[in-house]
Amino acid sequence: EDEIGQMIQSLNQLSTQLVNLINERSAHEGLIMIGEFASYIIHDLKNPLTGIHLLADGLNRRLEENSPLRKYSEEILSASQKVEVFVRRTLDMAKASELNREAIDINTLVNKAIDEVSNHKSVIKNRNYDPNIPIFNGDPRLLFMALKNLIVNALEATREKGEVSVSTEWSGKIYIIVSDSGCGIPKEKLQAIFRPFFSMKNQGHGLGLAMVKRTINLHGGEIQVDSQPGIGSNFKVILPV
């Protein structure tokens, strides 16, 4: 409790703040790297990928159902689709530097994002929207993609064994909360989940949450996460008006 103890406490707080700043800088530099990477090669990848996809699809349709070659064509088709998704997400990330602002009804946008993943509707047990939220001036396309990513992540975390809740609140700022009772995130990984290419999924690209954070930051907002393994996660988007 003496002066040395107080100094140690101050140093611990500074150390924590420094780690957070380093993580923010790493994520920012990662996004810049993605932009440069995308600008150089993504456009060159799109045409051959489309060709591979179309040829694999055509081959798959011509083969008989019992053909031993069918599984190979299906594998090629599946692989090309995954690469196309990766390329599209990377390109979206690279383009997310300027906002095309419009007047947005946040509750309508949230509902639209939920409806986009309609096959999971039964898992989303609660939708609570604050009717007092004012019109928000933002980029509807980027915000829609960010919200959809958050909701899909929550649904994947529950794997149909838990529940997902989506709500909005107005209290001087706009709050969008996506909660799930899924697997949760270990404490030591919470600082890394927004980094580009960091993923806890076996087949994840690690771009979804990085894109979410990038979009929210571009709108002058922030995103907070609280999670406990085995209990679930709570993502809170805060947008200033």
# chains A, B, ... in the order shown; residues from 1 in each chain; ligands from 1
>>> residues_around(residues="A:Thr168", least_positions_apart="2", cutoff="12 Å", atoms="only C-alpha atoms", output="PyMOL selection string")
chain A and resi 105-111+126-134+147+165-166+170-171+173-179+235-239
>>> closest_residue(among="A:Ile185, A:Asn100, A:Glu169, A:Ala210", to="A:Ala146", atoms="only C-alpha atoms")
A:Ala210
>>> closest_residue(among="A:Ile151, A:Val164, A:Ala157, A:Gly58", to="A:Gly184", atoms="only C-alpha atoms")
A:Ala157
>>> closest_residue(among="A:Leu209, A:Leu77, A:Ile216, A:Cys183", to="A:Gly51", atoms="only C-alpha atoms")
A:Leu77
>>> closest_residue(among="A:Asn153, A:Phe144, A:Pro229, A:Gly5", to="A:Glu188", atoms="only C-alpha atoms")
A:Pro229
>>> atom_distance(atom1="atom CA of A:Gly221", atom2="atom CA of A:Ser10")
28.0 Å
>>> residues_around(residues="A:Glu102", least_positions_apart="6", cutoff="12 Å", atoms="only C-alpha atoms", output="PyMOL selection string")
chain A and resi 135-143
>>> atom_distance(atom1="atom CA of A:Pro240", atom2="atom CA of A:Gly220")
6.7 Å
>>> residues_around(residues="A:Leu59", least_positions_apart="4", cutoff="9 Å", atoms="only C-alpha atoms", output="list in words")
Leu54, Leu55, Leu63, Arg70 and Ser73 of chain A
